[in-house]
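Q: One structure follows; several queries about it will come next.
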Amino acid sequence: MLHRNESRQLQPNRSASQSIPRDSALYDSLILRTISRLMMPLLLMLSIFMLFRGHNLPGGGFIGGLLASSAIILQMVAFGPKVARRILPVSYLMLAAFGIFFGALWGLPALFVGLPYMQAFWLPEPIPGIGKIGTPVLFDVGVYFTVIGVTTKIALLLVEEPILFPLPEMKSVPVDQQEEVA
Amino acid sequence: MLYPIVFIALVASPLALIARLPARSLIAWGLALIPLALFGLTLTQAGPVFAGEQVVEEISWVPALGLNLTFTLDGLSLLFALIITGIGTLIVGYAGHYLGADSGLGRFLAYLMLFMGAMLGVVLAGNILTMFVFWELTSVTSYLLIGYKHDYPDARRGALHSLLVTGAGGLALLVGLLLLGQMVGSYEFRDILAAGDQLRAHSLYPAAVILILLGCFTKSAQIPFHFWLPGAMQAPTPASAFLHSATMVKAGVYLMARLSPALGGTALWDVTLAVVGGATMTFAAIVAMRQFDLKAMLAYTTISMLGALTMQIGLGGKYGAEGVATNILAHALYKSALFMLAGVIDHECGTRDLRRLGGLRRYMPQTMVITALALLSFGGIPILFGFVAKELMLEAALETDLGATLSILAVAAIAVTAIAYLITGWRLFSNTFLGQRSTAAMQQHVADPTPGMLIGPGVPAILSLFIPLVLLAPVSTLIAAASAAIYGKPLEVKLALWHGVNPALLVSLSAIVIGVAMFRFAEQLANMRGWPTWLRGDMIFDRLIERTLTGATALTRTLQEGRLRRYILITALTMLIFVGVPFISFGLGTIRFDLDPQLQFYEILAAALIPIGVIATIKARTRLGAIIAVGVVGAMVALLFVLFSAPDLALTQLLIEVLSTVFLLLVFSVLPVRFESFSSAWVRQRDAIVAIAMGILMGGLVLATATNDSFAPLAPFFLENSLDKGKGANVVNVILVDFRGFDTLGEITVLFIALLGIYGLLRLRQGKDDVTPERVPTTATEPLSEPVDTQR
């Protein structure tokens, strides 16, 4: 269970995660950190898998994007926003904007051959491991980026909101209420 | 070759950013090759137009909406396109000198080119919706140009006025154009122009005319919307010169001229245009006469000329059409020259106030000669092009079909305007170049500017003299083609300096005589007491905006007091009234309560857990408990999706549920664990009633939708076509990215806008609360190698 470690000043697991910055970890929990570090690559791979299988099986850009951002948000909860920023070395705001741009871009090819915007084009042969590739799939990739960017950025904005989470001193919860959470 | 003309201007605009580099004036004249090339390209297309044909090009864009990128070139478009590109060439080059010391020259030229492209789009568009897109683009780009010096409050105010007035007019215009399209059944100009009789007989005709005229009047600064145009002189002078002579403000005139064969011929159209235009012309000419700022003087004379053009469209007839075309050209020539000259004087003397100028004839002889030429044309003095144009205007007033009263009024208005123009021109000239050397002239080293700067005003001023003397034949061909488009029928036009002694000439000459006789009273006229400020349109408009903002603030305070509970209450009540009442009146009959015989017990269980979860949420006494209970509701909804074979939705729902639980935990972790305060009993009872009513309404709506069989279901279409046409077996995803990809594009854009909203809100508050800067990362890609434990 997520809980706030009251004895964070003692830094009990400092040696275990020396390499990982914990500047603003929200829930200083060993279990959460271990699990989320294991889950991270799995979730990201799953998200990409979901993205590309979406055209024929449940999945797609939206679900894939949500999976990827939940992977990143998990890291943020466990290790703090700075680590979440390091996972993808891009500005999430820009990523979201890029997603829209990238998605809209694949509607354009149709215009050059005189068809209406967003008319689909497909490669004749499927690519091994990925499947059939066409402009709708690429459009879906744009959705994927937008969803990752938007969701993660909102989470980061919340966590980095100094009024909610004044750092370096976390707003402490009185001990008598602490037990309710734990 | 038409749409490249528009797109080259739009696409080439970023190229202008190279004018940030040194040697600006050279770069600017180099960039001027782009409009010059467009001028040449337009001329190459002109052959069929002179032969009475049209050039038409069409690209389908959103065919389902009737939105095609159609471009046509006829006489009227040709005239405008030549003026826009021709004057654009001069202005781009001139701007390099004028803004030579300004760091933003590149940005300015980029706006200017964009503006030019937008205006070319307006005049070349063959589809009214395409035209409207470019029309709005001219509003936006002129906003950027007017507000170019955004450090100055006056510039921002002027830009805002122009955007609000022309933008509001644009909305009216859009509705008018849509009505027009509905009446004809096509959005192409050629179909609309061919359907004149059908339009005039239609019951929606008055509404469409009024809406379209609102758009045109605001754009072309007709009374009572004239006040934004003097404010627009806050733009740097090259932009003003372009705005006033060739573009934007002429767009309204262009559209009225374009539509007059279809919409004209009724009292509503003709009399409105003649009266509003005539009033604007006279009023603005008198105001212009009494200004002291060079640019304000010129701005008001532009309004006056726009009124004159509008009036001539209303007066109609052969001479009306010829008069519009000729006056557009004459005005573009002398007004661009005069604005650029005002810029030269401002640039050299550091002021454009007539009271602080004087005696420049010794220092700026070349400037004086060019100014004199342009002013003579402006004043309608014989043998200059302005005279030819004015004669046609008088002919139009004398020959109009609108009756004797209007005819006499129009002639009188033109005579008064002509006298006012002469006095304006004389004041401008005598206070600047004649008389004593002023302090401004003494303080600075005043001299004629470099030739590069004089080319801009020089070319149009000299053309004003040369066209009537030697170029009358080719210009007549152009004017004939343009006025044929305004008249709606082919026309024979022979422009001439001498028509013999006729009433028009007599009126014109007597106006000149009276004007010259009044020269000595010019300053007294200018110093007469003005009208009170409440009569000034821009002041009234400012006050209107103030009131609107005060009202909006008061409304916001009432509706959005900052508590989520209140927002939800208002939303729910609004929905209950606007959806619930019609549903109870009309929709109750469509509900059928069919119990599915194949209902399984686990489906009932999952469904039953949803209300239980909701009740648990309400009853929860701790935040964590409430979050968990809400999570149960979401999970059960997801489970229902699985049971009814919608795995996509279930997956999405589950992920959203997980993320929102995480978000809730994040936010609630800083709040006290227990709810600290509860609302009073009556508030809870009220909320319960609203919530239950809402629930019943939504339930009823879902039932009505689910059991309604009066529409053919869409599902079979998607099931049949998704693998075949969408190349995907997952129907949901194929719908999302292919069949309804446009919607998805809209949705992710909304998502992004929501993010921007949250970003703005949180970042704005951080700024206000004076947060320690180290906690606010400036960019996401800030160096992460810094020692991160230092904060501990």
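All residue names refer to the structure tokens as shown: chains lettered A, B, ... in order, residues numbered from 1 in each chain, ligands numbered from 1 in order.
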When you look at B:Leu124 with a cut-off of 12 Å (counting only C-alpha atoms), what residues show up, excluding the ones that are within fewer than 5 positions of it in the same chain? I need them as a PyMOL selection string.
A: chain B and resi 1-7+42+54-58+69-82+84+117-119+130-132+134-135+189+251+254-255+258
Q: So which residues touch A:Pro116 within 10 Å, counting only C-alpha atoms, skipping near sequence neighbours fewer than 4 positions away, as an MDAnalysis selection string?
A: (chainID A and resid 107:112 120) or (chainID B and resid 59:64 68)
Q: With only C-alpha atoms as the counted atoms, please give the residues lying no more than 9 Å from stretch 154-157 of chain A, apart from itself and same-chain residues fewer than 2 positions off, as a ChimeraX atom specification.
A: /A:73,76,81,84-85,149-152,159-161 /B:663,666,755,758-759,762-763
Q: Mind pulling up the distance from atom CA of B:Pro230 to atom CA of B:Gly551?
A: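 About the pair atom CA of B:Gly551 and atom CA of B:Pro230: they are 27.8 Å apart.
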Q: When distances are computed from only C-alpha atoms, which of A:Val113, A:Leu123, A:Ile63, A:Ile35 shows the smallest separation from chain B?
A: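 Among the listed residues, A:Ile63 lies closest to chain B.
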Q: Suppose you want the space between atom CA of B:Gly359 and atom CA of B:Ala235; what is it in Å?
A: 27.1 Å
Q: Tell me which protein, DNA and RNA residues are within 10 Å of A:Pro136, counting only C-alpha atoms, leaving out same-chain ones fewer than 6 positions away, and put them as a list in words.
A: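 Here the answer would be His55, Gly103, Trp106, Gly107, Met118, Gln119, Ala120, Phe121, Trp122 and Gly142 of chain A; Gly726, Lys727, Gly728, Asn733, Val734, Leu736, Val737, Asp738, Phe739 and Gly741 of chain B.
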Q: Write the residues of the selection above to a file with N, CA and C atoms, as a PDB file, in the first residue's frame.
A:
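Done, and the output landed in again10.pdb:
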```pdb
ATOM      1  N   HIS A  55      -4.760  -2.064 -34.562  1.00  0.00           N
ATOM      2  CA  HIS A  55      -5.610  -1.996 -35.740  1.00  0.00           C
ATOM      3  C   HIS A  55      -6.433  -3.258 -35.944  1.00  0.00           C
ATOM      4  N   GLY A 103       0.088  13.589 -36.192  1.00  0.00           N
ATOM      5  CA  GLY A 103      -1.159  12.968 -36.616  1.00  0.00           C
ATOM      6  C   GLY A 103      -1.767  13.694 -37.804  1.00  0.00           C
ATOM      7  N   TRP A 106      -0.331  13.164 -41.455  1.00  0.00           N
ATOM      8  CA  TRP A 106      -0.619  12.005 -42.308  1.00  0.00           C
ATOM      9  C   TRP A 106      -1.963  12.117 -42.997  1.00  0.00           C
ATOM     10  N   GLY A 107      -2.668  13.213 -42.716  1.00  0.00           N
ATOM     11  CA  GLY A 107      -3.856  13.454 -43.537  1.00  0.00           C
ATOM     12  C   GLY A 107      -3.502  14.139 -44.837  1.00  0.00           C
ATOM     13  N   MET A 118      -7.132  13.306 -45.210  1.00  0.00           N
ATOM     14  CA  MET A 118      -7.214  12.121 -44.351  1.00  0.00           C
ATOM     15  C   MET A 118      -7.683  10.861 -45.078  1.00  0.00           C
ATOM     16  N   GLN A 119      -7.740  10.897 -46.385  1.00  0.00           N
ATOM     17  CA  GLN A 119      -7.973   9.653 -47.124  1.00  0.00           C
ATOM     18  C   GLN A 119      -6.799   8.713 -46.843  1.00  0.00           C
ATOM     19  N   ALA A 120      -7.098   7.433 -46.588  1.00  0.00           N
ATOM     20  CA  ALA A 120      -6.046   6.528 -46.123  1.00  0.00           C
ATOM     21  C   ALA A 120      -5.201   5.982 -47.271  1.00  0.00           C
ATOM     22  N   PHE A 121      -3.941   5.741 -46.981  1.00  0.00           N
ATOM     23  CA  PHE A 121      -3.037   5.034 -47.896  1.00  0.00           C
ATOM     24  C   PHE A 121      -2.377   3.907 -47.129  1.00  0.00           C
ATOM     25  N   TRP A 122      -2.152   2.779 -47.807  1.00  0.00           N
ATOM     26  CA  TRP A 122      -1.548   1.630 -47.128  1.00  0.00           C
ATOM     27  C   TRP A 122      -0.380   1.114 -47.938  1.00  0.00           C
ATOM     28  N   GLY A 142       0.475   9.409 -33.773  1.00  0.00           N
ATOM     29  CA  GLY A 142       0.313  10.789 -33.320  1.00  0.00           C
ATOM     30  C   GLY A 142      -0.577  10.864 -32.089  1.00  0.00           C
TER      31      GLY A 142
ATOM     32  N   GLY B 726     -10.937  -0.288 -44.318  1.00  0.00           N
ATOM     33  CA  GLY B 726     -10.064   0.284 -43.308  1.00  0.00           C
ATOM     34  C   GLY B 726      -8.851  -0.576 -43.033  1.00  0.00           C
ATOM     35  N   LYS B 727      -8.803  -1.802 -43.627  1.00  0.00           N
ATOM     36  CA  LYS B 727      -7.664  -2.707 -43.478  1.00  0.00           C
ATOM     37  C   LYS B 727      -7.386  -3.057 -42.024  1.00  0.00           C
ATOM     38  N   GLY B 728      -8.430  -3.109 -41.198  1.00  0.00           N
ATOM     39  CA  GLY B 728      -8.195  -3.467 -39.804  1.00  0.00           C
ATOM     40  C   GLY B 728      -9.355  -4.277 -39.276  1.00  0.00           C
ATOM     41  N   ASN B 733     -11.037   0.656 -33.466  1.00  0.00           N
ATOM     42  CA  ASN B 733      -9.846   1.420 -33.828  1.00  0.00           C
ATOM     43  C   ASN B 733      -9.934   1.950 -35.261  1.00  0.00           C
ATOM     44  N   VAL B 734     -10.509   1.146 -36.149  1.00  0.00           N
ATOM     45  CA  VAL B 734     -10.636   1.617 -37.531  1.00  0.00           C
ATOM     46  C   VAL B 734     -11.537   2.850 -37.596  1.00  0.00           C
ATOM     47  N   LEU B 736     -11.907   4.957 -35.177  1.00  0.00           N
ATOM     48  CA  LEU B 736     -11.184   6.074 -34.549  1.00  0.00           C
ATOM     49  C   LEU B 736     -10.158   6.696 -35.484  1.00  0.00           C
ATOM     50  N   VAL B 737      -9.400   5.860 -36.180  1.00  0.00           N
ATOM     51  CA  VAL B 737      -8.280   6.436 -36.936  1.00  0.00           C
ATOM     52  C   VAL B 737      -8.597   6.607 -38.416  1.00  0.00           C
ATOM     53  N   ASP B 738      -9.670   5.981 -38.889  1.00  0.00           N
ATOM     54  CA  ASP B 738      -9.899   6.071 -40.324  1.00  0.00           C
ATOM     55  C   ASP B 738     -11.258   6.681 -40.650  1.00  0.00           C
ATOM     56  N   PHE B 739     -12.327   5.932 -40.342  1.00  0.00           N
ATOM     57  CA  PHE B 739     -13.643   6.428 -40.742  1.00  0.00           C
ATOM     58  C   PHE B 739     -13.955   7.777 -40.118  1.00  0.00           C
ATOM     59  N   GLY B 741     -11.538   9.656 -38.446  1.00  0.00           N
ATOM     60  CA  GLY B 741     -10.232  10.164 -38.023  1.00  0.00           C
ATOM     61  C   GLY B 741     -10.237  11.662 -37.764  1.00  0.00           C
TER      62      GLY B 741
END
```
Q: Would you give me, as an MDAnalysis selection string, the residues in stretch 457-494 of chain B that DSSP reads as helix (DSSP H, G or I)?
A: chainID B and resid 457:469 472:487
Q: If you measure from atom CA of B:Thr326 to atom CA of B:Met116, what distance in Å do you get, rounded to one decimal?
A: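 Between atom CA of B:Thr326 and atom CA of B:Met116 the gap is 21.5 Å.
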Q: What's the 10 Å shell around B:Gly252, counting only C-alpha atoms, without same-chain residues fewer than 2 positions away, as an mmCIF file with all heavy atoms, in the first residue's frame?
A:
```cif
data_model
loop_
_atom_site.group_PDB
_atom_site.id
_atom_site.type_symbol
_atom_site.label_atom_id
_atom_site.label_comp_id
_atom_site.auth_asym_id
_atom_site.auth_seq_id
_atom_site.Cartn_x
_atom_site.Cartn_y
_atom_site.Cartn_z
ATOM 1 N N TRP B 135 -10.299 35.890 -45.779
ATOM 2 C CA TRP B 135 -10.835 37.135 -45.217
ATOM 3 C C TRP B 135 -10.457 37.243 -43.736
ATOM 4 O O TRP B 135 -9.969 38.272 -43.272
ATOM 5 C CB TRP B 135 -12.351 37.115 -45.411
ATOM 6 C CG TRP B 135 -13.150 38.224 -44.822
ATOM 7 C CD1 TRP B 135 -13.441 38.392 -43.498
ATOM 8 C CD2 TRP B 135 -13.790 39.299 -45.524
ATOM 9 N NE1 TRP B 135 -14.221 39.504 -43.343
ATOM 10 C CE2 TRP B 135 -14.464 40.074 -44.557
ATOM 11 C CE3 TRP B 135 -13.870 39.651 -46.861
ATOM 12 C CZ2 TRP B 135 -15.196 41.194 -44.903
ATOM 13 C CZ3 TRP B 135 -14.606 40.771 -47.192
ATOM 14 C CH2 TRP B 135 -15.262 41.539 -46.223
ATOM 15 N N ILE B 212 -24.324 40.182 -44.775
ATOM 16 C CA ILE B 212 -23.145 40.371 -45.621
ATOM 17 C C ILE B 212 -22.683 41.819 -45.558
ATOM 18 O O ILE B 212 -21.487 42.108 -45.453
ATOM 19 C CB ILE B 212 -23.451 39.932 -47.064
ATOM 20 C CG1 ILE B 212 -23.587 38.413 -47.112
ATOM 21 C CG2 ILE B 212 -22.362 40.395 -48.019
ATOM 22 C CD1 ILE B 212 -24.074 37.894 -48.429
ATOM 23 N N LEU B 213 -23.660 42.744 -45.581
ATOM 24 C CA LEU B 213 -23.267 44.150 -45.528
ATOM 25 C C LEU B 213 -22.617 44.489 -44.192
ATOM 26 O O LEU B 213 -21.670 45.290 -44.145
ATOM 27 C CB LEU B 213 -24.484 45.051 -45.773
ATOM 28 C CG LEU B 213 -24.956 45.092 -47.220
ATOM 29 C CD1 LEU B 213 -26.068 46.097 -47.384
ATOM 30 C CD2 LEU B 213 -23.808 45.432 -48.163
ATOM 31 N N LEU B 214 -23.084 43.865 -43.108
ATOM 32 C CA LEU B 214 -22.426 44.099 -41.815
ATOM 33 C C LEU B 214 -20.952 43.736 -41.908
ATOM 34 O O LEU B 214 -20.076 44.473 -41.441
ATOM 35 C CB LEU B 214 -23.089 43.260 -40.727
ATOM 36 C CG LEU B 214 -24.221 43.917 -39.950
ATOM 37 C CD1 LEU B 214 -24.777 42.944 -38.930
ATOM 38 C CD2 LEU B 214 -23.712 45.159 -39.236
ATOM 39 N N GLY B 215 -20.686 42.572 -42.503
ATOM 40 C CA GLY B 215 -19.300 42.151 -42.673
ATOM 41 C C GLY B 215 -18.518 43.134 -43.520
ATOM 42 O O GLY B 215 -17.404 43.534 -43.174
ATOM 43 N N CYS B 216 -19.096 43.553 -44.630
ATOM 44 C CA CYS B 216 -18.377 44.454 -45.539
ATOM 45 C C CYS B 216 -18.189 45.829 -44.914
ATOM 46 O O CYS B 216 -17.133 46.443 -45.051
ATOM 47 C CB CYS B 216 -19.143 44.588 -46.852
ATOM 48 S SG CYS B 216 -19.202 43.078 -47.789
ATOM 49 N N PHE B 217 -19.217 46.333 -44.240
ATOM 50 C CA PHE B 217 -19.127 47.671 -43.657
ATOM 51 C C PHE B 217 -18.085 47.717 -42.548
ATOM 52 O O PHE B 217 -17.330 48.685 -42.432
ATOM 53 C CB PHE B 217 -20.491 48.115 -43.104
ATOM 54 C CG PHE B 217 -21.470 48.522 -44.162
ATOM 55 C CD1 PHE B 217 -22.763 48.889 -43.845
ATOM 56 C CD2 PHE B 217 -21.093 48.555 -45.502
ATOM 57 C CE1 PHE B 217 -23.673 49.263 -44.819
ATOM 58 C CE2 PHE B 217 -21.996 48.932 -46.492
ATOM 59 C CZ PHE B 217 -23.285 49.276 -46.144
ATOM 60 N N THR B 218 -18.034 46.673 -41.713
ATOM 61 C CA THR B 218 -17.021 46.698 -40.652
ATOM 62 C C THR B 218 -15.633 46.609 -41.269
ATOM 63 O O THR B 218 -14.725 47.324 -40.858
ATOM 64 C CB THR B 218 -17.218 45.534 -39.673
ATOM 65 O OG1 THR B 218 -17.393 44.346 -40.429
ATOM 66 C CG2 THR B 218 -18.400 45.756 -38.793
ATOM 67 N N LYS B 219 -15.485 45.757 -42.267
ATOM 68 C CA LYS B 219 -14.168 45.594 -42.862
ATOM 69 C C LYS B 219 -13.727 46.876 -43.552
ATOM 70 O O LYS B 219 -12.565 47.268 -43.484
ATOM 71 C CB LYS B 219 -14.217 44.456 -43.878
ATOM 72 C CG LYS B 219 -12.868 43.926 -44.301
ATOM 73 C CD LYS B 219 -12.329 43.028 -43.236
ATOM 74 C CE LYS B 219 -11.255 42.117 -43.783
ATOM 75 N NZ LYS B 219 -10.785 41.216 -42.737
ATOM 76 N N SER B 220 -14.644 47.521 -44.231
ATOM 77 C CA SER B 220 -14.281 48.708 -44.983
ATOM 78 C C SER B 220 -14.601 49.989 -44.233
ATOM 79 O O SER B 220 -14.726 51.042 -44.843
ATOM 80 C CB SER B 220 -14.971 48.702 -46.339
ATOM 81 O OG SER B 220 -14.287 47.836 -47.201
ATOM 82 N N ALA B 221 -14.736 49.898 -42.916
ATOM 83 C CA ALA B 221 -14.796 51.064 -42.045
ATOM 84 C C ALA B 221 -15.877 52.061 -42.438
ATOM 85 O O ALA B 221 -15.657 53.261 -42.429
ATOM 86 C CB ALA B 221 -13.434 51.752 -42.007
ATOM 87 N N GLN B 222 -17.072 51.555 -42.777
ATOM 88 C CA GLN B 222 -18.169 52.475 -43.055
ATOM 89 C C GLN B 222 -18.790 52.933 -41.739
ATOM 90 O O GLN B 222 -18.722 52.233 -40.735
ATOM 91 C CB GLN B 222 -19.233 51.767 -43.902
ATOM 92 C CG GLN B 222 -18.738 51.269 -45.248
ATOM 93 C CD GLN B 222 -18.324 52.402 -46.145
ATOM 94 O OE1 GLN B 222 -19.088 53.293 -46.429
ATOM 95 N NE2 GLN B 222 -17.070 52.389 -46.566
ATOM 96 N N THR B 247 -5.045 46.817 -49.517
ATOM 97 C CA THR B 247 -5.529 45.559 -48.942
ATOM 98 C C THR B 247 -6.605 45.786 -47.921
ATOM 99 O O THR B 247 -7.124 46.864 -47.762
ATOM 100 C CB THR B 247 -4.366 44.831 -48.251
ATOM 101 O OG1 THR B 247 -3.864 45.706 -47.272
ATOM 102 C CG2 THR B 247 -3.316 44.463 -49.218
ATOM 103 N N MET B 248 -6.900 44.721 -47.206
ATOM 104 C CA MET B 248 -7.747 44.697 -46.024
ATOM 105 C C MET B 248 -8.967 45.599 -46.124
ATOM 106 O O MET B 248 -10.071 45.113 -46.300
ATOM 107 C CB MET B 248 -6.908 45.074 -44.801
ATOM 108 C CG MET B 248 -7.717 45.249 -43.568
ATOM 109 S SD MET B 248 -7.913 43.760 -42.666
ATOM 110 C CE MET B 248 -8.561 44.440 -41.163
ATOM 111 N N VAL B 249 -8.766 46.912 -46.006
ATOM 112 C CA VAL B 249 -9.930 47.792 -45.968
ATOM 113 C C VAL B 249 -10.664 47.753 -47.296
ATOM 114 O O VAL B 249 -11.857 48.027 -47.354
ATOM 115 C CB VAL B 249 -9.531 49.232 -45.618
ATOM 116 C CG1 VAL B 249 -8.956 49.280 -44.228
ATOM 117 C CG2 VAL B 249 -8.561 49.797 -46.600
ATOM 118 N N LYS B 250 -9.961 47.396 -48.354
ATOM 119 C CA LYS B 250 -10.635 47.295 -49.647
ATOM 120 C C LYS B 250 -11.375 45.970 -49.784
ATOM 121 O O LYS B 250 -12.146 45.794 -50.721
ATOM 122 C CB LYS B 250 -9.618 47.400 -50.780
ATOM 123 C CG LYS B 250 -8.948 48.771 -50.889
ATOM 124 C CD LYS B 250 -9.765 49.705 -51.763
ATOM 125 C CE LYS B 250 -9.124 51.063 -51.884
ATOM 126 N NZ LYS B 250 -7.880 51.008 -52.646
ATOM 127 N N TYR B 254 -14.355 45.154 -52.177
ATOM 128 C CA TYR B 254 -14.220 44.090 -53.172
ATOM 129 C C TYR B 254 -15.430 43.164 -53.135
ATOM 130 O O TYR B 254 -16.024 42.851 -54.169
ATOM 131 C CB TYR B 254 -12.935 43.292 -52.922
ATOM 132 C CG TYR B 254 -12.901 41.991 -53.669
ATOM 133 C CD1 TYR B 254 -12.585 41.964 -55.029
ATOM 134 C CD2 TYR B 254 -13.223 40.795 -53.044
ATOM 135 C CE1 TYR B 254 -12.587 40.780 -55.728
ATOM 136 C CE2 TYR B 254 -13.233 39.606 -53.740
ATOM 137 C CZ TYR B 254 -12.911 39.600 -55.085
ATOM 138 O OH TYR B 254 -12.927 38.438 -55.777
ATOM 139 N N LEU B 255 -15.804 42.742 -51.928
ATOM 140 C CA LEU B 255 -16.888 41.765 -51.829
ATOM 141 C C LEU B 255 -18.215 42.378 -52.282
ATOM 142 O O LEU B 255 -19.006 41.731 -52.969
ATOM 143 C CB LEU B 255 -16.998 41.240 -50.395
ATOM 144 C CG LEU B 255 -17.969 40.084 -50.225
ATOM 145 C CD1 LEU B 255 -17.540 38.895 -51.064
ATOM 146 C CD2 LEU B 255 -18.078 39.679 -48.781
ATOM 147 N N MET B 256 -18.439 43.654 -51.894
ATOM 148 C CA MET B 256 -19.678 44.294 -52.332
ATOM 149 C C MET B 256 -19.702 44.396 -53.857
ATOM 150 O O MET B 256 -20.726 44.144 -54.498
ATOM 151 C CB MET B 256 -19.798 45.679 -51.702
ATOM 152 C CG MET B 256 -20.123 45.627 -50.221
ATOM 153 S SD MET B 256 -20.458 47.246 -49.529
ATOM 154 C CE MET B 256 -18.834 47.843 -49.180
ATOM 155 N N ALA B 257 -18.556 44.779 -54.440
ATOM 156 C CA ALA B 257 -18.494 44.896 -55.894
ATOM 157 C C ALA B 257 -18.699 43.533 -56.545
ATOM 158 O O ALA B 257 -19.416 43.400 -57.543
ATOM 159 C CB ALA B 257 -17.148 45.479 -56.304
ATOM 160 N N ARG B 258 -18.089 42.508 -55.926
ATOM 161 C CA ARG B 258 -18.188 41.156 -56.478
ATOM 162 C C ARG B 258 -19.622 40.652 -56.469
ATOM 163 O O ARG B 258 -20.084 40.029 -57.425
ATOM 164 C CB ARG B 258 -17.268 40.247 -55.633
ATOM 165 C CG ARG B 258 -17.422 38.779 -55.782
ATOM 166 C CD ARG B 258 -17.033 38.251 -57.128
ATOM 167 N NE ARG B 258 -15.607 38.246 -57.357
ATOM 168 C CZ ARG B 258 -15.046 38.523 -58.540
ATOM 169 N NH1 ARG B 258 -15.810 38.845 -59.563
ATOM 170 N NH2 ARG B 258 -13.751 38.499 -58.701
ATOM 171 N N LEU B 306 -13.368 55.011 -49.135
ATOM 172 C CA LEU B 306 -14.099 53.739 -49.036
ATOM 173 C C LEU B 306 -15.593 54.003 -49.091
ATOM 174 O O LEU B 306 -16.357 53.257 -49.719
ATOM 175 C CB LEU B 306 -13.733 53.032 -47.735
ATOM 176 C CG LEU B 306 -12.298 52.534 -47.642
ATOM 177 C CD1 LEU B 306 -11.988 52.072 -46.232
ATOM 178 C CD2 LEU B 306 -12.090 51.388 -48.617
ATOM 179 N N THR B 310 -18.214 52.590 -51.882
ATOM 180 C CA THR B 310 -19.466 51.935 -51.508
ATOM 181 C C THR B 310 -20.646 52.641 -52.160
ATOM 182 O O THR B 310 -21.558 52.007 -52.702
ATOM 183 C CB THR B 310 -19.620 51.972 -49.983
ATOM 184 O OG1 THR B 310 -18.415 51.485 -49.409
ATOM 185 C CG2 THR B 310 -20.771 51.135 -49.519
#
```
Q: So which residues touch B:Leu491 within 12 Å, counting only C-alpha atoms, skipping near sequence neighbours fewer than 4 positions away, as a list in words?
A: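 Neighbouring residues, sequence-local ones excluded: Phe50, Ala51, Gly52, Gly75, Gly317, Lys318, Tyr319, Gly320, Ala321, Glu322, Ser476, Thr477, Leu478, Ile479, Ala480, Ala481, Ala482, Ser483, Ala484, Ala485, Ile486 and Tyr487 of chain B.
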Q: Rank B:Ala681, B:Ile610, B:Val667, B:Ile689 by their smallest atom-to-atom distance to chain A, using only C-alpha atoms, and report the top residue only.
A: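 So, comparing all the options, the nearest one is B:Val667.
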Q: Compare A:Leu57, A:Leu138, A:Ile148, A:Ile133 by their minimum atom-to-atom distance to chain B, counting only C-alpha atoms, and give me the closest one.
A: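 Looking only at the distances to chain B, the closest residue turns out to be A:Leu57.
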Q: Identify which of the residues A:Pro41, A:Pro128, A:Gly65, A:Pro89 lies closest to chain B, counting only C-alpha atoms when measuring atom-to-atom distances.
A: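 Among the listed residues, A:Pro89 lies closest to chain B.
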Q: Here is a test: counting only C-alpha atoms, which residue of B:Val702, B:Leu697, B:Leu298, B:Val662 is nearest to chain A?
A: B:Val662
